[in-house]
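I have placed the structure first, in the form of structure tokens, so that the comments after it can refer back to it.
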Amino acid sequence: MNNLELIKKAKQIALSGKLLDRESIISLLKIDPASEDCEFLGRTAREAASIICKDRAYIWATIGLDHKSCSMNCDFCSFGEKWGIVKDESEISGNEIIKLAHKYVNEGARWIFLRTTQFYSLEKLSKSAEKIRNTVPGEYELGVNIGEFDEEMAKKLAKAGVTYVYHSLRLREGENTRFSAKDRLSTLESVKNSPLKLAFFVEPIGCEHSNEEIADIFLTAMKYDSVATGAMARVPVPGTPLGNLPALSSKRLAQITAVTRLAAGYNAPDICLHPASEIALKWGANVVAVETGALPRDTYSNSEGEWRGFDTNTAKIWFNSSGYKVFSKVG
Ligand code: SF4
């Protein structure tokens, strides 16, 4: 089967509700991102997005709560205590969290995510979630991106008003991180056995990862019933062990995003890429993230603005020019 036949077949499978098989995913990832075939792949993924998510786009707002050193020392993360990047530790106050949640709900974000380093108190986080729910009106989804937790904590978070969890088995988990895959999978199992919905992207993707590795992590996301997936790049942070390895080109990241769109089909109707690019929206992504506060992919914490200036307004302009309409809730 040639590339064009394979892409058409992948779209058919996506629209039939099935998952694409591993070999086809790898073949799509093998296409040269600069080729005409890849342009066709991107256009086809965008057509699939029109049908699967009905051209509805969404903004995911993340508030990084704590700018702190983390003893897990992941090789790509600026918080790793061994890298010595975090000099002045800080944490966003409860009032500031509420203010930021209000701001992003008013600006039309569908998700408000609270992100922390690995050992942030889950009791404290759960109280913050409850306070947001009791103070910030709206039909937004409240999500958390935190360390490991068990089923009991998952249920507690759901009770506090959390509806989504971002969690993943990262690429080269245990090699570029100090975690055992077993521990990460156990948290994914806890989410699966709770009322919480899972968002799990293929991440953090760099030029060092093979097509096979990318396909396997994507299929792990599907195995744990992730309803939102996509691709997140490794951003080279100077001073971290992977800081000298170059980032992926935006075309390659857009290609991977397009492949996740076709491979997931209706199983994960929301496809995100991070960092955002206009080309990936034109190639089938319908979710982008805006970030504020502490950042694992940069060397500073700033809750006065968004990372790299990518705000909800820019997201809306990019979505509109890619044929989407932005909504603050699922339709
Ligand atoms: S990615 Fe998470 S666990 Fe790893 S060093 Fe950063 S905060 Fe810690």
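Naming works like this for the structure tokens: A, B, ... for the chains as they're shown, residue 1 at the start of each chain, ligands 1 onward in shown order.
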
**Request:** Report as a ChimeraX atom specification which protein, DNA and RNA residues come within 10 Å of ligand 1, using only C-alpha atoms and all ligand atoms.
**Result:** /A:66-83,115-120,145-148,170,176-179,204,295-297

**Asked** Quick one: residues within 10 Å of Thr62 in chain A, only C-alpha atoms counted, chain neighbours fewer than 2 positions away excluded, as an MDAnalysis selection string?
**Response** chainID A and resid 59:60 64:65 100:101 104 109 111:115 143:145 289:295 306

Between range 29-118 of chain A and range 268-271 of chain A, at 10 Å or less, what are the per-residue closest atom pairs and their distances in Å? Count only C-alpha atoms, order by chain and rising residue number, and return it as a tab-separated table.
```
residue	atom	partner	partner_atom	distance
A:Ala48	CA	A:Pro269	CA	9.9
A:Ala49	CA	A:Pro269	CA	7.9
A:Ile51	CA	A:Pro269	CA	9.8
A:Ile52	CA	A:Pro269	CA	6.1
A:Cys53	CA	A:Pro269	CA	5.9
A:Lys54	CA	A:Pro269	CA	9.7
A:Arg56	CA	A:Asp270	CA	9.3
A:Ala57	CA	A:Asp270	CA	8.4
A:Tyr58	CA	A:Asp270	CA	8.4
```

**Asked** Using only C-alpha atoms, which residues sit within 7 Å of Pro33 in chain A once same-chain residues fewer than 4 positions away are excluded, as a ChimeraX atom specification?
**Response** /A:38,251-252,255

**Prompt:** Smallest atom-to-atom distance to Leu28 in chain A: which of A:Ile132, A:Ala14, A:Ile217, A:Leu6, using only C-alpha atoms?
**Reply:** A:Leu6

Pick out the residues sitting within 10 Å of Leu19 in chain A, and hand them over as a PDB file with N, CA, C and O atoms, in the first residue's frame; count only C-alpha atoms, and ignore anything fewer than 2 positions along from it in its own chain.
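Result file around_3.pdb:
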```
ATOM      1  N   ALA A  10      -6.596   5.046   6.787  1.00  0.00           N
ATOM      2  CA  ALA A  10      -6.561   5.472   8.196  1.00  0.00           C
ATOM      3  C   ALA A  10      -7.769   6.350   8.508  1.00  0.00           C
ATOM      4  O   ALA A  10      -8.386   6.235   9.574  1.00  0.00           O
ATOM      5  N   ILE A  13     -10.862   4.203   8.863  1.00  0.00           N
ATOM      6  CA  ILE A  13     -10.857   3.483  10.148  1.00  0.00           C
ATOM      7  C   ILE A  13     -11.214   4.448  11.279  1.00  0.00           C
ATOM      8  O   ILE A  13     -12.010   4.129  12.162  1.00  0.00           O
ATOM      9  N   ALA A  14     -10.650   5.660  11.226  1.00  0.00           N
ATOM     10  CA  ALA A  14     -10.955   6.667  12.264  1.00  0.00           C
ATOM     11  C   ALA A  14     -12.455   6.934  12.314  1.00  0.00           C
ATOM     12  O   ALA A  14     -13.057   7.001  13.386  1.00  0.00           O
ATOM     13  N   LEU A  15     -13.064   7.071  11.131  1.00  0.00           N
ATOM     14  CA  LEU A  15     -14.491   7.411  11.093  1.00  0.00           C
ATOM     15  C   LEU A  15     -15.385   6.205  11.381  1.00  0.00           C
ATOM     16  O   LEU A  15     -16.578   6.362  11.619  1.00  0.00           O
ATOM     17  N   SER A  16     -14.781   5.016  11.384  1.00  0.00           N
ATOM     18  CA  SER A  16     -15.589   3.827  11.707  1.00  0.00           C
ATOM     19  C   SER A  16     -15.618   3.577  13.212  1.00  0.00           C
ATOM     20  O   SER A  16     -16.289   2.681  13.694  1.00  0.00           O
ATOM     21  N   GLY A  17     -14.829   4.375  13.961  1.00  0.00           N
ATOM     22  CA  GLY A  17     -14.836   4.227  15.419  1.00  0.00           C
ATOM     23  C   GLY A  17     -13.741   3.308  15.941  1.00  0.00           C
ATOM     24  O   GLY A  17     -13.595   3.115  17.145  1.00  0.00           O
ATOM     25  N   ASP A  21      -4.117   0.302  13.766  1.00  0.00           N
ATOM     26  CA  ASP A  21      -3.151  -0.675  14.283  1.00  0.00           C
ATOM     27  C   ASP A  21      -1.733  -0.090  14.339  1.00  0.00           C
ATOM     28  O   ASP A  21      -1.417   0.876  13.648  1.00  0.00           O
ATOM     29  N   ARG A  22      -0.889  -0.721  15.157  1.00  0.00           N
ATOM     30  CA  ARG A  22       0.464  -0.217  15.422  1.00  0.00           C
ATOM     31  C   ARG A  22       1.289  -0.061  14.136  1.00  0.00           C
ATOM     32  O   ARG A  22       1.963   0.943  13.940  1.00  0.00           O
ATOM     33  N   ILE A  25       0.247   2.967  12.172  1.00  0.00           N
ATOM     34  CA  ILE A  25       0.668   4.200  12.862  1.00  0.00           C
ATOM     35  C   ILE A  25       2.149   4.457  12.563  1.00  0.00           C
ATOM     36  O   ILE A  25       2.538   5.583  12.202  1.00  0.00           O
ATOM     37  N   LEU A 219      -0.477   4.164  21.956  1.00  0.00           N
ATOM     38  CA  LEU A 219      -1.377   3.021  22.195  1.00  0.00           C
ATOM     39  C   LEU A 219      -1.577   2.777  23.693  1.00  0.00           C
ATOM     40  O   LEU A 219      -2.628   2.297  24.113  1.00  0.00           O
ATOM     41  N   MET A 222      -4.333   5.026  24.714  1.00  0.00           N
ATOM     42  CA  MET A 222      -5.638   4.478  24.311  1.00  0.00           C
ATOM     43  C   MET A 222      -6.059   3.320  25.225  1.00  0.00           C
ATOM     44  O   MET A 222      -7.224   3.168  25.559  1.00  0.00           O
ATOM     45  N   LEU A 262      -5.806  10.686  13.343  1.00  0.00           N
ATOM     46  CA  LEU A 262      -6.321   9.583  12.523  1.00  0.00           C
ATOM     47  C   LEU A 262      -6.298   8.265  13.289  1.00  0.00           C
ATOM     48  O   LEU A 262      -7.169   7.414  13.103  1.00  0.00           O
ATOM     49  N   ALA A 263      -5.315   8.097  14.150  1.00  0.00           N
ATOM     50  CA  ALA A 263      -5.187   6.819  14.866  1.00  0.00           C
ATOM     51  C   ALA A 263      -6.224   6.684  15.978  1.00  0.00           C
ATOM     52  O   ALA A 263      -6.702   5.595  16.266  1.00  0.00           O
ATOM     53  N   ALA A 264      -6.576   7.811  16.604  1.00  0.00           N
ATOM     54  CA  ALA A 264      -7.519   7.751  17.736  1.00  0.00           C
ATOM     55  C   ALA A 264      -8.971   7.762  17.270  1.00  0.00           C
ATOM     56  O   ALA A 264      -9.839   7.131  17.880  1.00  0.00           O
ATOM     57  N   GLY A 265      -9.257   8.505  16.199  1.00  0.00           N
ATOM     58  CA  GLY A 265     -10.633   8.607  15.706  1.00  0.00           C
ATOM     59  C   GLY A 265     -11.574   9.094  16.802  1.00  0.00           C
ATOM     60  O   GLY A 265     -11.254  10.028  17.536  1.00  0.00           O
ATOM     61  N   TYR A 266     -12.715   8.428  16.911  1.00  0.00           N
ATOM     62  CA  TYR A 266     -13.705   8.840  17.914  1.00  0.00           C
ATOM     63  C   TYR A 266     -13.303   8.455  19.341  1.00  0.00           C
ATOM     64  O   TYR A 266     -13.925   8.889  20.300  1.00  0.00           O
ATOM     65  N   ASN A 267     -12.270   7.617  19.471  1.00  0.00           N
ATOM     66  CA  ASN A 267     -11.872   7.191  20.827  1.00  0.00           C
ATOM     67  C   ASN A 267     -11.345   8.354  21.656  1.00  0.00           C
ATOM     68  O   ASN A 267     -11.500   8.380  22.870  1.00  0.00           O
ATOM     69  N   ALA A 268     -10.692   9.297  21.003  1.00  0.00           N
ATOM     70  CA  ALA A 268     -10.204  10.507  21.699  1.00  0.00           C
ATOM     71  C   ALA A 268     -10.492  11.687  20.768  1.00  0.00           C
ATOM     72  O   ALA A 268      -9.658  12.075  19.959  1.00  0.00           O
TER      73      ALA A 268
END
```

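Shortest separation to Asn302 in chain A among A:Ile92, A:Ser328, A:Ser35, A:Lys11 occurs at residue A:Ile92, atoms counted being only C-alpha atoms.
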
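Nearest-residue note for Gly323 in chain A: choosing from A:Lys87, A:Arg46, A:Lys30, A:Arg172, the minimum distance belongs to A:Arg46, counting only C-alpha atoms.
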
**Message:** For the helix (DSSP H, G or I) assignment from backbone DSSP, which residues of range 35-186 of chain A qualify? Please present them as a VMD selection string.
**Reply:** chain A and resid 36 to 52 81 to 83 94 to 106 122 to 135 151 to 159 181 to 186
